[in-house]
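Take a look at the structure set out below.
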Amino acid sequence: MKELIERLVAQALAALPAEDRGSLDDLHPEVERSRDPAHGDFACSIALRLARAARTNPRALAARIVAALPPNPFIARTEIAGPGFINFFVTTAAWQQQIARVLETGAAYGCSDAGAGRRAIVEFVSANPTGPLHVGHGRHAAFGASLASLLEATGWSVHREYYVNDAGRQMDILAASVWLRYLELCGERVEFPVNGYRGEYLRPIAADLQARHGAALRRPADQVFADLPPDEPAGGDRERHIDAVIARMRELLGAADFRTVFDRGLEDILADIRDDLGGFGVRFDRWYSERGLADHGAIDRALARLREHGHVYEQDGALWFRATAFGDEKDRVVVRENGQSTYFASDIAYHLEKRERGFDLLLDVLGADHHGYVARVRAGLIAMGEPGESLEVRLVQFVALFRGGTKVQMSTRSGEFVTLRELRAEVGDDAARFFYVMRSNDQHLDFDLELARARSNDNPVYYVQYAHARVASVLRQAAGRGQPFDAAVGLAALGRLGEPAELALMSEIARWPEVLGQAAALRAPHAVVHYLRELATAFHACYNALPFLVEDPALRNARLALIVALQQVVRNALGLLGVTAPETM
RNA sequence: GCGCCCGUAGCUCAAACGGAUAGAGCACCGGCCUUCUAAGCCGGUGGUUGCAGGUUCGAAUCCUGCCGGGCGCGCCA
């Protein structure tokens with residue numbers, strides 16, 4: 001409906017003399033839902049906007065636009081109100097035909113081709129494979145997955161990717177940690193480094209290693225720790241100590257066996273993450289290896305591009321990228337004095353590689369603590385001759401868990417409730433997916449565990465799912481009475497729908513394409529959650545106000561068509577959020 | 001110190017590009033089940049949008065300055 005009115009206004013504008021259109025020819029006729037029913041169903045403020053540029057009276061301009069409006073059977077009337085708003089009153093038939101449209105288009109109702117087939121790569125989660133996902137990653141997963149679905153539903157070609165940080169020091173520390181746990185299993189006495197990964201999850205991985213390789217990777221503990229710089233508890237430095245442990249491990253095992261341990265840790269943890277996310281309904285098209293980046297020469301290509309464009313220089317033995325020339329606050333090292341490329345070099349290489357793969361939109365979902373990284377990577381892209389706007393970053397704020405009124409402390413040490421897996425087990429996947437995207441991604445999220453698991457009317461997930469199940473229940477009742485829903489009869493009798501509660505529900509149903517389009521454009525899955533609540537409210541109100549299973553077959557099937565349409569929209573919207581739509585509750 | 005994000009009802013949060021009287025949920029108060037699931041509905045109380053200025057027909061939204069909270073400022077990853 002909104003789209004229709006926008007088209008009508010656009011046509012009216014095109015018919016106006018140039019001086020009325022002002023200089024803003026590209027101005028989109030912005031039609032929005034009226035807040036106040038007295039202002040009609042839709043309102044357009046175009047006259048107010050144009051009046052400034054055209055230096056005319058907005059109300060007079062509005063009158064000229066209205067006069068130029070092509071007649072349309074779905075527009076009952078228009079009026080000019082306030083400073084120059086054009087209010088549109090829609091006919092009942094306009095709402096009714098939306099119901100027919102829902103039944104015709106089904107799962108596609110609400111979808112659009114706004115993205116025009118452009119290719120987007122959505123990178124999200126990308127947590128280091130050094131341990132299980134925690135509740136913060138869960139929010140990234142839920143947000144990223146919903147965002148990807150939103151884009152797909154609005155005509156984008158979407159590729160979902162997880163960047164696996166399988167290189168670098170953190171992974172070496174993981175390998176050393178796995179190995180030390182393995183040595184313990186073999187019977188060695190190990191003083192576990194303060195800076196190692198101390199989580200219990202490494203023990204099964206060490207056991208896996210032992211099952212596969214027996215004692216082949218065992219080395220005496222005194223050899224391992226002989227003459228190492230002391231760890232922190234012994235008055236030393238934790239960083240130097242762990243690095244020395246890693247170096248010793250390499251020395252004692254040799255490159256090949258070091259890699260064996262390293263890969264065991266990486267693969268086991270990655271398998272766990274994959275399984276966790278899969279169970280959470282979050283899937284990726286590709287798990288992109290950071291190591292592969294270097295292997296395929298992507299880093300070299302990126303550096304070559306920077307050189308070509310003359311944006312690097314040498315200083316203090318290192319190679320620097322002139323980031324300041326592209327809006328960053330300081331220049332960045334890309335190749336260290338020791339010849340190794342930096343993490344930043346990998347980052348820009350990865351993003352260049354995304355462009356090489358043909359993506360128009362590089363959408364990164366990152367933790368809020370990574371905001372400093374955005375300007376840098378964009379600078380890199382521009383310097384390499386790629387459009388800076390192709391990179392779009394959405395930051396996800398932190399999650400605080402609450403049980404009842406009290407905050408759940410989330411330190412790794414306390415061993416309390418930290419993993420996504422535990423959260424899923426406690427509240428269920430539906431509630432978790434829903435709650436994670438309930439708030440705008442740039443707001444801190446207070447996740448109320450008790451509310452999420454509550455099987456009560458306070459719980460918004462149940463409230464929405466219940467609307468879906470309730471329709472299913474009504475349909476079962478109808479069938480049980482020997483009067484199953486007859487869509488043909490219902491569609492033919494849509495003209496019978498006109499009660500206030502029915503109109504309100506039809507209007508909400510008609511809003512879904514608007515909500516979906518806007519949620520995708522604004523990258524705002526939370527808008528879908530808010531809509532779902534309002535939609536469910538309109539349905540529950542209708543349920544209480546009117547009986548559906550009435551004697552008159554025409555009216556009965558018309559009402560059933562209405563609630564079947566409602567059910568379809570609830571299913572479509574929940575589906576985008578990765579939440580199930582149950583038949584019974 | 002510099003930079004980014006945030007500050008809206010008692011609580012948790014909405015409000016695209018500046019639009020009409022700032023909206024929901026929870027909590028609180030009062031009603032509605034012999035009838036399709038009360039996991040529901042209806043009504044009510046509740047606001048100087050952190051503070052002070054500015055821009056204009058119009059500001060929660062844009063600009064400036066302050067106050068409060070979070071995060072970032074490595075040849076770490």
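Naming scheme: A, B, ... for chains in displayed order of the structure tokens; residues 1 onward per chain; ligands 1 onward as shown.
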Inset, instruction - Return as a ChimeraX atom specification the residues belonging to chain B that are within 12 Å of chain A, counting only C-alpha atoms (C1' of nucleotides). - result: /B:2-7,11-27,32-33,35-42,56-58,69-77
Quick check for you: according to DSSP on this backbone, which residues of region 120-285 of chain A are classed as alpha helix (DSSP H)? Reply as an mmCIF file with N, CA and C atoms, in the first residue's frame.
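Contents of the output file states.cif:
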```
data_model
loop_
_atom_site.group_PDB
_atom_site.id
_atom_site.type_symbol
_atom_site.label_atom_id
_atom_site.label_comp_id
_atom_site.auth_asym_id
_atom_site.auth_seq_id
_atom_site.Cartn_x
_atom_site.Cartn_y
_atom_site.Cartn_z
ATOM 1 N N VAL A 135 28.474 -16.079 25.438
ATOM 2 C CA VAL A 135 27.168 -15.465 25.182
ATOM 3 C C VAL A 135 27.250 -14.225 24.300
ATOM 4 N N GLY A 136 28.396 -13.546 24.312
ATOM 5 C CA GLY A 136 28.555 -12.396 23.437
ATOM 6 C C GLY A 136 28.563 -12.819 21.973
ATOM 7 N N HIS A 137 29.249 -13.917 21.677
ATOM 8 C CA HIS A 137 29.268 -14.420 20.307
ATOM 9 C C HIS A 137 27.864 -14.802 19.862
ATOM 10 N N GLY A 138 27.062 -15.250 20.812
ATOM 11 C CA GLY A 138 25.687 -15.630 20.493
ATOM 12 C C GLY A 138 24.927 -14.455 19.904
ATOM 13 N N ARG A 139 25.177 -13.288 20.432
ATOM 14 C CA ARG A 139 24.495 -12.116 19.904
ATOM 15 C C ARG A 139 24.968 -11.811 18.490
ATOM 16 N N HIS A 140 26.251 -11.952 18.273
ATOM 17 C CA HIS A 140 26.787 -11.752 16.926
ATOM 18 C C HIS A 140 26.146 -12.734 15.949
ATOM 19 N N ALA A 141 26.051 -13.984 16.398
ATOM 20 C CA ALA A 141 25.498 -15.025 15.537
ATOM 21 C C ALA A 141 24.045 -14.715 15.189
ATOM 22 N N ALA A 142 23.267 -14.387 16.203
ATOM 23 C CA ALA A 142 21.837 -14.131 15.992
ATOM 24 C C ALA A 142 21.638 -12.884 15.136
ATOM 25 N N PHE A 143 22.397 -11.849 15.425
ATOM 26 C CA PHE A 143 22.264 -10.603 14.675
ATOM 27 C C PHE A 143 22.720 -10.792 13.226
ATOM 28 N N GLY A 144 23.881 -11.371 13.059
ATOM 29 C CA GLY A 144 24.421 -11.554 11.713
ATOM 30 C C GLY A 144 23.538 -12.437 10.852
ATOM 31 N N ALA A 145 23.053 -13.517 11.443
ATOM 32 C CA ALA A 145 22.212 -14.446 10.686
ATOM 33 C C ALA A 145 20.907 -13.775 10.277
ATOM 34 N N SER A 146 20.312 -13.017 11.188
ATOM 35 C CA SER A 146 19.058 -12.340 10.872
ATOM 36 C C SER A 146 19.277 -11.266 9.815
ATOM 37 N N LEU A 147 20.380 -10.554 9.951
ATOM 38 C CA LEU A 147 20.709 -9.509 8.996
ATOM 39 C C LEU A 147 20.871 -10.109 7.596
ATOM 40 N N ALA A 148 21.573 -11.214 7.528
ATOM 41 C CA ALA A 148 21.781 -11.885 6.245
ATOM 42 C C ALA A 148 20.428 -12.298 5.651
ATOM 43 N N SER A 149 19.561 -12.819 6.485
ATOM 44 C CA SER A 149 18.238 -13.228 6.010
ATOM 45 C C SER A 149 17.438 -12.028 5.508
ATOM 46 N N LEU A 150 17.530 -10.931 6.231
ATOM 47 C CA LEU A 150 16.821 -9.716 5.831
ATOM 48 C C LEU A 150 17.272 -9.269 4.443
ATOM 49 N N LEU A 151 18.576 -9.269 4.242
ATOM 50 C CA LEU A 151 19.112 -8.843 2.948
ATOM 51 C C LEU A 151 18.644 -9.779 1.847
ATOM 52 N N GLU A 152 18.694 -11.064 2.142
ATOM 53 C CA GLU A 152 18.285 -12.046 1.154
ATOM 54 C C GLU A 152 16.816 -11.857 0.783
ATOM 55 N N ALA A 153 16.012 -11.572 1.792
ATOM 56 C CA ALA A 153 14.575 -11.413 1.559
ATOM 57 C C ALA A 153 14.265 -10.139 0.781
ATOM 58 N N ARG A 169 49.766 -15.715 17.158
ATOM 59 C CA ARG A 169 50.274 -16.085 18.468
ATOM 60 C C ARG A 169 49.216 -16.739 19.350
ATOM 61 N N GLN A 170 47.985 -16.228 19.297
ATOM 62 C CA GLN A 170 46.952 -16.809 20.152
ATOM 63 C C GLN A 170 46.776 -18.293 19.856
ATOM 64 N N MET A 171 46.878 -18.640 18.586
ATOM 65 C CA MET A 171 46.715 -20.045 18.217
ATOM 66 C C MET A 171 47.915 -20.874 18.665
ATOM 67 N N ASP A 172 49.101 -20.250 18.658
ATOM 68 C CA ASP A 172 50.284 -20.958 19.173
ATOM 69 C C ASP A 172 50.102 -21.231 20.663
ATOM 70 N N ILE A 173 49.540 -20.257 21.346
ATOM 71 C CA ILE A 173 49.299 -20.444 22.781
ATOM 72 C C ILE A 173 48.303 -21.583 23.005
ATOM 73 N N LEU A 174 47.321 -21.635 22.122
ATOM 74 C CA LEU A 174 46.353 -22.724 22.228
ATOM 75 C C LEU A 174 47.060 -24.070 22.034
ATOM 76 N N ALA A 175 47.902 -24.136 21.008
ATOM 77 C CA ALA A 175 48.615 -25.392 20.734
ATOM 78 C C ALA A 175 49.442 -25.806 21.948
ATOM 79 N N ALA A 176 50.130 -24.835 22.522
ATOM 80 C CA ALA A 176 50.962 -25.144 23.695
ATOM 81 C C ALA A 176 50.076 -25.622 24.854
ATOM 82 N N SER A 177 48.934 -25.002 25.004
ATOM 83 C CA SER A 177 48.033 -25.377 26.091
ATOM 84 C C SER A 177 47.526 -26.801 25.912
ATOM 85 N N VAL A 178 47.164 -27.130 24.683
ATOM 86 C CA VAL A 178 46.693 -28.484 24.401
ATOM 87 C C VAL A 178 47.801 -29.496 24.705
ATOM 88 N N TRP A 179 48.984 -29.131 24.257
ATOM 89 C CA TRP A 179 50.106 -30.048 24.448
ATOM 90 C C TRP A 179 50.393 -30.289 25.936
ATOM 91 N N LEU A 180 50.363 -29.216 26.729
ATOM 92 C CA LEU A 180 50.652 -29.349 28.163
ATOM 93 C C LEU A 180 49.583 -30.220 28.838
ATOM 94 N N ARG A 181 48.328 -30.067 28.432
ATOM 95 C CA ARG A 181 47.275 -30.920 28.993
ATOM 96 C C ARG A 181 47.515 -32.375 28.589
ATOM 97 N N TYR A 182 47.978 -32.527 27.366
ATOM 98 C CA TYR A 182 48.294 -33.871 26.873
ATOM 99 C C TYR A 182 49.430 -34.488 27.698
ATOM 100 N N LEU A 183 50.449 -33.698 27.969
ATOM 101 C CA LEU A 183 51.570 -34.189 28.777
ATOM 102 C C LEU A 183 51.076 -34.609 30.158
ATOM 103 N N GLU A 184 50.140 -33.832 30.699
ATOM 104 C CA GLU A 184 49.562 -34.187 31.998
ATOM 105 C C GLU A 184 48.901 -35.560 31.917
ATOM 106 N N LEU A 185 48.146 -35.758 30.853
ATOM 107 C CA LEU A 185 47.458 -37.035 30.664
ATOM 108 C C LEU A 185 48.461 -38.187 30.570
ATOM 109 N N LEU A 202 39.837 -27.981 27.149
ATOM 110 C CA LEU A 202 41.038 -28.478 26.477
ATOM 111 C C LEU A 202 41.363 -29.926 26.843
ATOM 112 N N ARG A 203 40.814 -30.379 27.956
ATOM 113 C CA ARG A 203 41.145 -31.751 28.388
ATOM 114 C C ARG A 203 40.649 -32.813 27.411
ATOM 115 N N PRO A 204 39.419 -32.728 26.948
ATOM 116 C CA PRO A 204 38.970 -33.712 25.950
ATOM 117 C C PRO A 204 39.778 -33.637 24.657
ATOM 118 N N ILE A 205 40.240 -32.446 24.322
ATOM 119 C CA ILE A 205 41.040 -32.309 23.110
ATOM 120 C C ILE A 205 42.379 -32.998 23.307
ATOM 121 N N ALA A 206 42.960 -32.838 24.491
ATOM 122 C CA ALA A 206 44.223 -33.513 24.827
ATOM 123 C C ALA A 206 44.008 -35.021 24.793
ATOM 124 N N ALA A 207 42.852 -35.460 25.280
ATOM 125 C CA ALA A 207 42.549 -36.894 25.286
ATOM 126 C C ALA A 207 42.427 -37.400 23.849
ATOM 127 N N ASP A 208 41.828 -36.581 23.001
ATOM 128 C CA ASP A 208 41.692 -36.905 21.582
ATOM 129 C C ASP A 208 43.083 -37.096 20.970
ATOM 130 N N LEU A 209 43.962 -36.177 21.319
ATOM 131 C CA LEU A 209 45.341 -36.215 20.820
ATOM 132 C C LEU A 209 46.017 -37.506 21.267
ATOM 133 N N GLN A 210 45.796 -37.853 22.513
ATOM 134 C CA GLN A 210 46.408 -39.052 23.062
ATOM 135 C C GLN A 210 45.839 -40.310 22.385
ATOM 136 N N ALA A 211 44.545 -40.298 22.148
ATOM 137 C CA ALA A 211 43.909 -41.450 21.505
ATOM 138 C C ALA A 211 44.460 -41.665 20.103
ATOM 139 N N ARG A 212 44.772 -40.561 19.434
ATOM 140 C CA ARG A 212 45.260 -40.671 18.057
ATOM 141 C C ARG A 212 46.749 -40.968 17.968
ATOM 142 N N HIS A 213 47.524 -40.445 18.916
ATOM 143 C CA HIS A 213 48.970 -40.529 18.775
ATOM 144 C C HIS A 213 49.669 -41.230 19.934
ATOM 145 N N ALA A 221 58.825 -33.481 31.178
ATOM 146 C CA ALA A 221 58.503 -32.124 31.624
ATOM 147 C C ALA A 221 59.759 -31.311 31.938
ATOM 148 N N ASP A 222 60.784 -31.962 32.493
ATOM 149 C CA ASP A 222 61.983 -31.168 32.832
ATOM 150 C C ASP A 222 62.643 -30.626 31.579
ATOM 151 N N GLN A 223 62.536 -31.399 30.496
ATOM 152 C CA GLN A 223 63.074 -30.873 29.234
ATOM 153 C C GLN A 223 62.258 -29.680 28.757
ATOM 154 N N VAL A 224 60.970 -29.783 28.913
ATOM 155 C CA VAL A 224 60.086 -28.725 28.436
ATOM 156 C C VAL A 224 60.351 -27.413 29.165
ATOM 157 N N PHE A 225 60.512 -27.523 30.482
ATOM 158 C CA PHE A 225 60.599 -26.284 31.260
ATOM 159 C C PHE A 225 62.028 -25.882 31.624
ATOM 160 N N ARG A 238 54.562 -13.164 32.297
ATOM 161 C CA ARG A 238 53.709 -14.211 31.725
ATOM 162 C C ARG A 238 53.831 -14.304 30.207
ATOM 163 N N GLU A 239 54.030 -13.169 29.559
ATOM 164 C CA GLU A 239 54.134 -13.176 28.096
ATOM 165 C C GLU A 239 55.422 -13.854 27.645
ATOM 166 N N ARG A 240 56.508 -13.437 28.294
ATOM 167 C CA ARG A 240 57.797 -14.021 27.914
ATOM 168 C C ARG A 240 57.809 -15.509 28.185
ATOM 169 N N HIS A 241 57.185 -15.894 29.295
ATOM 170 C CA HIS A 241 57.168 -17.302 29.670
ATOM 171 C C HIS A 241 56.417 -18.136 28.626
ATOM 172 N N ILE A 242 55.231 -17.706 28.271
ATOM 173 C CA ILE A 242 54.433 -18.516 27.344
ATOM 174 C C ILE A 242 55.108 -18.596 25.973
ATOM 175 N N ASP A 243 55.702 -17.471 25.569
ATOM 176 C CA ASP A 243 56.400 -17.485 24.274
ATOM 177 C C ASP A 243 57.568 -18.480 24.301
ATOM 178 N N ALA A 244 58.225 -18.552 25.427
ATOM 179 C CA ALA A 244 59.346 -19.489 25.562
ATOM 180 C C ALA A 244 58.839 -20.935 25.540
ATOM 181 N N VAL A 245 57.703 -21.163 26.163
ATOM 182 C CA VAL A 245 57.122 -22.509 26.150
ATOM 183 C C VAL A 245 56.830 -22.931 24.711
ATOM 184 N N ILE A 246 56.267 -21.987 23.954
ATOM 185 C CA ILE A 246 55.940 -22.286 22.552
ATOM 186 C C ILE A 246 57.205 -22.608 21.761
ATOM 187 N N ALA A 247 58.240 -21.780 21.975
ATOM 188 C CA ALA A 247 59.493 -21.986 21.257
ATOM 189 C C ALA A 247 60.090 -23.351 21.606
ATOM 190 N N ARG A 248 60.014 -23.700 22.880
ATOM 191 C CA ARG A 248 60.544 -24.979 23.332
ATOM 192 C C ARG A 248 59.759 -26.146 22.721
ATOM 193 N N MET A 249 58.451 -25.938 22.652
ATOM 194 C CA MET A 249 57.586 -26.964 22.082
ATOM 195 C C MET A 249 57.965 -27.233 20.626
ATOM 196 N N ARG A 250 58.196 -26.169 19.911
ATOM 197 C CA ARG A 250 58.601 -26.294 18.498
ATOM 198 C C ARG A 250 59.900 -27.078 18.383
ATOM 199 N N GLU A 251 60.813 -26.737 19.266
ATOM 200 C CA GLU A 251 62.148 -27.315 19.269
ATOM 201 C C GLU A 251 62.080 -28.821 19.563
ATOM 202 N N LEU A 252 61.287 -29.185 20.583
ATOM 203 C CA LEU A 252 61.230 -30.581 21.017
ATOM 204 C C LEU A 252 60.412 -31.463 20.077
ATOM 205 N N LEU A 253 59.375 -30.870 19.471
ATOM 206 C CA LEU A 253 58.492 -31.673 18.617
ATOM 207 C C LEU A 253 58.886 -31.634 17.146
ATOM 208 N N GLY A 254 59.528 -30.561 16.751
ATOM 209 C CA GLY A 254 59.768 -30.375 15.319
ATOM 210 C C GLY A 254 58.534 -29.794 14.677
ATOM 211 N N ALA A 255 58.721 -29.215 13.499
ATOM 212 C CA ALA A 255 57.638 -28.474 12.843
ATOM 213 C C ALA A 255 56.418 -29.349 12.563
ATOM 214 N N ALA A 256 56.656 -30.558 12.103
ATOM 215 C CA ALA A 256 55.538 -31.407 11.698
ATOM 216 C C ALA A 256 54.661 -31.798 12.893
ATOM 217 N N ASP A 257 55.284 -32.225 13.987
ATOM 218 C CA ASP A 257 54.505 -32.633 15.151
ATOM 219 C C ASP A 257 53.869 -31.431 15.863
ATOM 220 N N PHE A 258 54.575 -30.315 15.798
ATOM 221 C CA PHE A 258 53.964 -29.093 16.348
ATOM 222 C C PHE A 258 52.650 -28.839 15.620
ATOM 223 N N ARG A 259 52.709 -28.962 14.331
ATOM 224 C CA ARG A 259 51.523 -28.748 13.496
ATOM 225 C C ARG A 259 50.421 -29.761 13.828
ATOM 226 N N THR A 260 50.816 -30.960 14.136
ATOM 227 C CA THR A 260 49.846 -31.993 14.499
ATOM 228 C C THR A 260 49.039 -31.563 15.727
ATOM 229 N N VAL A 261 49.759 -31.104 16.741
ATOM 230 C CA VAL A 261 49.081 -30.669 17.972
ATOM 231 C C VAL A 261 48.223 -29.435 17.678
ATOM 232 N N PHE A 262 48.840 -28.514 16.982
ATOM 233 C CA PHE A 262 48.167 -27.257 16.626
ATOM 234 C C PHE A 262 46.839 -27.553 15.911
ATOM 235 N N ASP A 263 46.931 -28.399 14.896
ATOM 236 C CA ASP A 263 45.731 -28.679 14.108
ATOM 237 C C ASP A 263 44.674 -29.453 14.898
ATOM 238 N N ARG A 264 45.146 -30.302 15.816
ATOM 239 C CA ARG A 264 44.180 -31.041 16.633
ATOM 240 C C ARG A 264 43.317 -30.043 17.419
ATOM 241 N N GLY A 265 43.997 -29.071 18.044
ATOM 242 C CA GLY A 265 43.277 -28.055 18.829
ATOM 243 C C GLY A 265 42.347 -27.262 17.939
ATOM 244 N N LEU A 266 42.877 -26.794 16.835
ATOM 245 C CA LEU A 266 42.085 -25.974 15.908
ATOM 246 C C LEU A 266 40.855 -26.735 15.416
ATOM 247 N N GLU A 267 41.071 -27.950 14.942
ATOM 248 C CA GLU A 267 39.970 -28.703 14.347
ATOM 249 C C GLU A 267 38.906 -29.076 15.368
ATOM 250 N N ASP A 268 39.351 -29.496 16.548
ATOM 251 C CA ASP A 268 38.373 -29.892 17.564
ATOM 252 C C ASP A 268 37.528 -28.694 18.002
ATOM 253 N N ILE A 269 38.189 -27.569 18.187
ATOM 254 C CA ILE A 269 37.444 -26.392 18.644
ATOM 255 C C ILE A 269 36.531 -25.873 17.546
ATOM 256 N N LEU A 270 37.042 -25.888 16.330
ATOM 257 C CA LEU A 270 36.224 -25.423 15.217
ATOM 258 C C LEU A 270 35.008 -26.328 15.028
ATOM 259 N N ALA A 271 35.219 -27.627 15.204
ATOM 260 C CA ALA A 271 34.098 -28.563 15.085
ATOM 261 C C ALA A 271 33.045 -28.253 16.146
ATOM 262 N N ASP A 272 33.516 -27.923 17.328
ATOM 263 C CA ASP A 272 32.592 -27.586 18.419
ATOM 264 C C ASP A 272 31.815 -26.319 18.104
ATOM 265 N N ILE A 273 32.512 -25.307 17.584
ATOM 266 C CA ILE A 273 31.866 -24.040 17.242
ATOM 267 C C ILE A 273 30.835 -24.252 16.125
ATOM 268 N N ARG A 274 31.241 -25.023 15.143
ATOM 269 C CA ARG A 274 30.358 -25.309 14.015
ATOM 270 C C ARG A 274 29.081 -26.004 14.484
ATOM 271 N N ASP A 275 29.268 -26.966 15.368
ATOM 272 C CA ASP A 275 28.147 -27.730 15.900
ATOM 273 C C ASP A 275 27.232 -26.832 16.737
ATOM 274 N N ASP A 276 27.853 -25.983 17.526
ATOM 275 C CA ASP A 276 27.107 -25.066 18.389
ATOM 276 C C ASP A 276 26.253 -24.131 17.538
ATOM 277 N N LEU A 277 26.883 -23.506 16.554
ATOM 278 C CA LEU A 277 26.166 -22.564 15.704
ATOM 279 C C LEU A 277 25.106 -23.277 14.859
ATOM 280 N N GLY A 278 25.443 -24.469 14.383
ATOM 281 C CA GLY A 278 24.485 -25.234 13.591
ATOM 282 C C GLY A 278 23.220 -25.506 14.399
ATOM 283 N N GLY A 279 23.412 -25.913 15.642
ATOM 284 C CA GLY A 279 22.280 -26.168 16.515
ATOM 285 C C GLY A 279 21.488 -24.904 16.786
#
```
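For the pair C1' of C63 (chain B) and CA of Glu392 (chain A), the interatomic distance is 25.7 Å.
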Inset, instruction - Find the residues around G30 (chain B) up to 12 Å (only C-alpha atoms (C1' of nucleotides) counted), leave out those fewer than 3 positions away in its own chain, and share them as a list of chain:residue names. - result: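 Within the cut-off, the hits are B:C42, B:G43, B:G44, B:U45.
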Please provide the set of residues having any atom within 12 Å of C51 (chain B), restricted to only C-alpha atoms (C1' of nucleotides), with same-chain residues fewer than 4 positions apart removed, written as a short mmCIF file (atom, residue, chain, number, x, y, z; two decimals) with all heavy atoms, in the first residue's frame.
```cif
data_model
loop_
_atom_site.label_atom_id
_atom_site.label_comp_id
_atom_site.auth_asym_id
_atom_site.auth_seq_id
_atom_site.Cartn_x
_atom_site.Cartn_y
_atom_site.Cartn_z
P G B 7 20.83 6.93 23.34
OP1 G B 7 19.49 6.41 23.02
OP2 G B 7 21.38 8.08 22.59
"O5'" G B 7 20.86 7.29 24.89
"C5'" G B 7 20.60 6.29 25.86
"C4'" G B 7 20.75 6.89 27.25
"O4'" G B 7 22.08 7.45 27.37
"C3'" G B 7 19.76 8.00 27.58
"O3'" G B 7 19.35 7.90 28.93
"C2'" G B 7 20.59 9.27 27.40
"O2'" G B 7 20.16 10.33 28.21
"C1'" G B 7 21.98 8.80 27.82
N9 G B 7 23.05 9.58 27.20
C8 G B 7 23.46 9.55 25.89
N7 G B 7 24.42 10.40 25.64
C5 G B 7 24.67 11.00 26.86
C6 G B 7 25.61 12.01 27.22
O6 G B 7 26.44 12.57 26.50
N1 G B 7 25.52 12.35 28.56
C2 G B 7 24.64 11.79 29.45
N2 G B 7 24.71 12.26 30.71
N3 G B 7 23.76 10.87 29.15
C4 G B 7 23.83 10.51 27.85
P G B 65 32.48 21.49 20.92
OP1 G B 65 33.95 21.54 20.76
OP2 G B 65 31.78 20.21 20.67
"O5'" G B 65 32.09 22.00 22.36
"C5'" G B 65 32.51 23.28 22.82
"C4'" G B 65 31.86 23.60 24.13
"O4'" G B 65 30.43 23.81 23.93
"C3'" G B 65 31.92 22.49 25.16
"O3'" G B 65 33.17 22.41 25.81
"C2'" G B 65 30.77 22.88 26.10
"O2'" G B 65 31.14 23.94 26.96
"C1'" G B 65 29.73 23.37 25.09
N9 G B 65 28.81 22.29 24.72
C8 G B 65 28.85 21.48 23.60
N7 G B 65 27.89 20.61 23.57
C5 G B 65 27.17 20.83 24.73
C6 G B 65 26.01 20.19 25.25
O6 G B 65 25.37 19.25 24.78
N1 G B 65 25.62 20.74 26.47
C2 G B 65 26.25 21.78 27.11
N2 G B 65 25.72 22.17 28.27
N3 G B 65 27.32 22.39 26.63
C4 G B 65 27.72 21.87 25.45
P C B 66 33.53 21.07 26.61
OP1 C B 66 34.90 21.23 27.16
OP2 C B 66 33.20 19.89 25.81
"O5'" C B 66 32.44 21.20 27.77
"C5'" C B 66 32.78 20.99 29.12
"C4'" C B 66 31.53 21.13 29.95
"O4'" C B 66 30.38 21.41 29.12
"C3'" C B 66 31.16 19.85 30.68
"O3'" C B 66 31.93 19.67 31.85
"C2'" C B 66 29.67 20.06 30.93
"O2'" C B 66 29.44 20.94 32.01
"C1'" C B 66 29.23 20.73 29.62
N1 C B 66 28.77 19.75 28.62
C2 C B 66 27.55 19.08 28.83
O2 C B 66 26.90 19.33 29.86
N3 C B 66 27.12 18.18 27.93
C4 C B 66 27.85 17.94 26.84
N4 C B 66 27.39 17.05 25.96
C5 C B 66 29.09 18.61 26.59
C6 C B 66 29.50 19.49 27.50
P C B 67 32.61 18.24 32.08
OP1 C B 67 33.69 18.42 33.08
OP2 C B 67 32.91 17.62 30.78
"O5'" C B 67 31.42 17.43 32.78
"C5'" C B 67 30.68 18.01 33.84
"C4'" C B 67 29.45 17.19 34.13
"O4'" C B 67 28.45 17.40 33.10
"C3'" C B 67 29.67 15.69 34.12
"O3'" C B 67 30.24 15.21 35.33
"C2'" C B 67 28.25 15.17 33.88
"O2'" C B 67 27.48 15.24 35.07
"C1'" C B 67 27.73 16.20 32.88
N1 C B 67 27.93 15.76 31.48
C2 C B 67 27.05 14.81 30.95
O2 C B 67 26.14 14.36 31.66
N3 C B 67 27.23 14.39 29.67
C4 C B 67 28.22 14.89 28.93
N4 C B 67 28.35 14.46 27.69
C5 C B 67 29.12 15.86 29.45
C6 C B 67 28.95 16.27 30.72
P G B 68 31.22 13.93 35.28
OP1 G B 68 31.76 13.74 36.65
OP2 G B 68 32.14 14.10 34.14
"O5'" G B 68 30.24 12.72 34.96
"C5'" G B 68 29.30 12.27 35.94
"C4'" G B 68 28.39 11.23 35.34
"O4'" G B 68 27.65 11.81 34.23
"C3'" G B 68 29.06 10.02 34.72
"O3'" G B 68 29.49 9.08 35.68
"C2'" G B 68 27.96 9.50 33.81
"O2'" G B 68 26.96 8.83 34.54
"C1'" G B 68 27.39 10.80 33.26
N9 G B 68 28.05 11.17 31.99
C8 G B 68 29.00 12.13 31.79
N7 G B 68 29.39 12.21 30.54
C5 G B 68 28.64 11.24 29.88
C6 G B 68 28.62 10.85 28.51
O6 G B 68 29.28 11.31 27.57
N1 G B 68 27.72 9.82 28.29
C2 G B 68 26.93 9.24 29.25
N2 G B 68 26.12 8.25 28.84
N3 G B 68 26.94 9.59 30.53
C4 G B 68 27.82 10.59 30.77
#
```
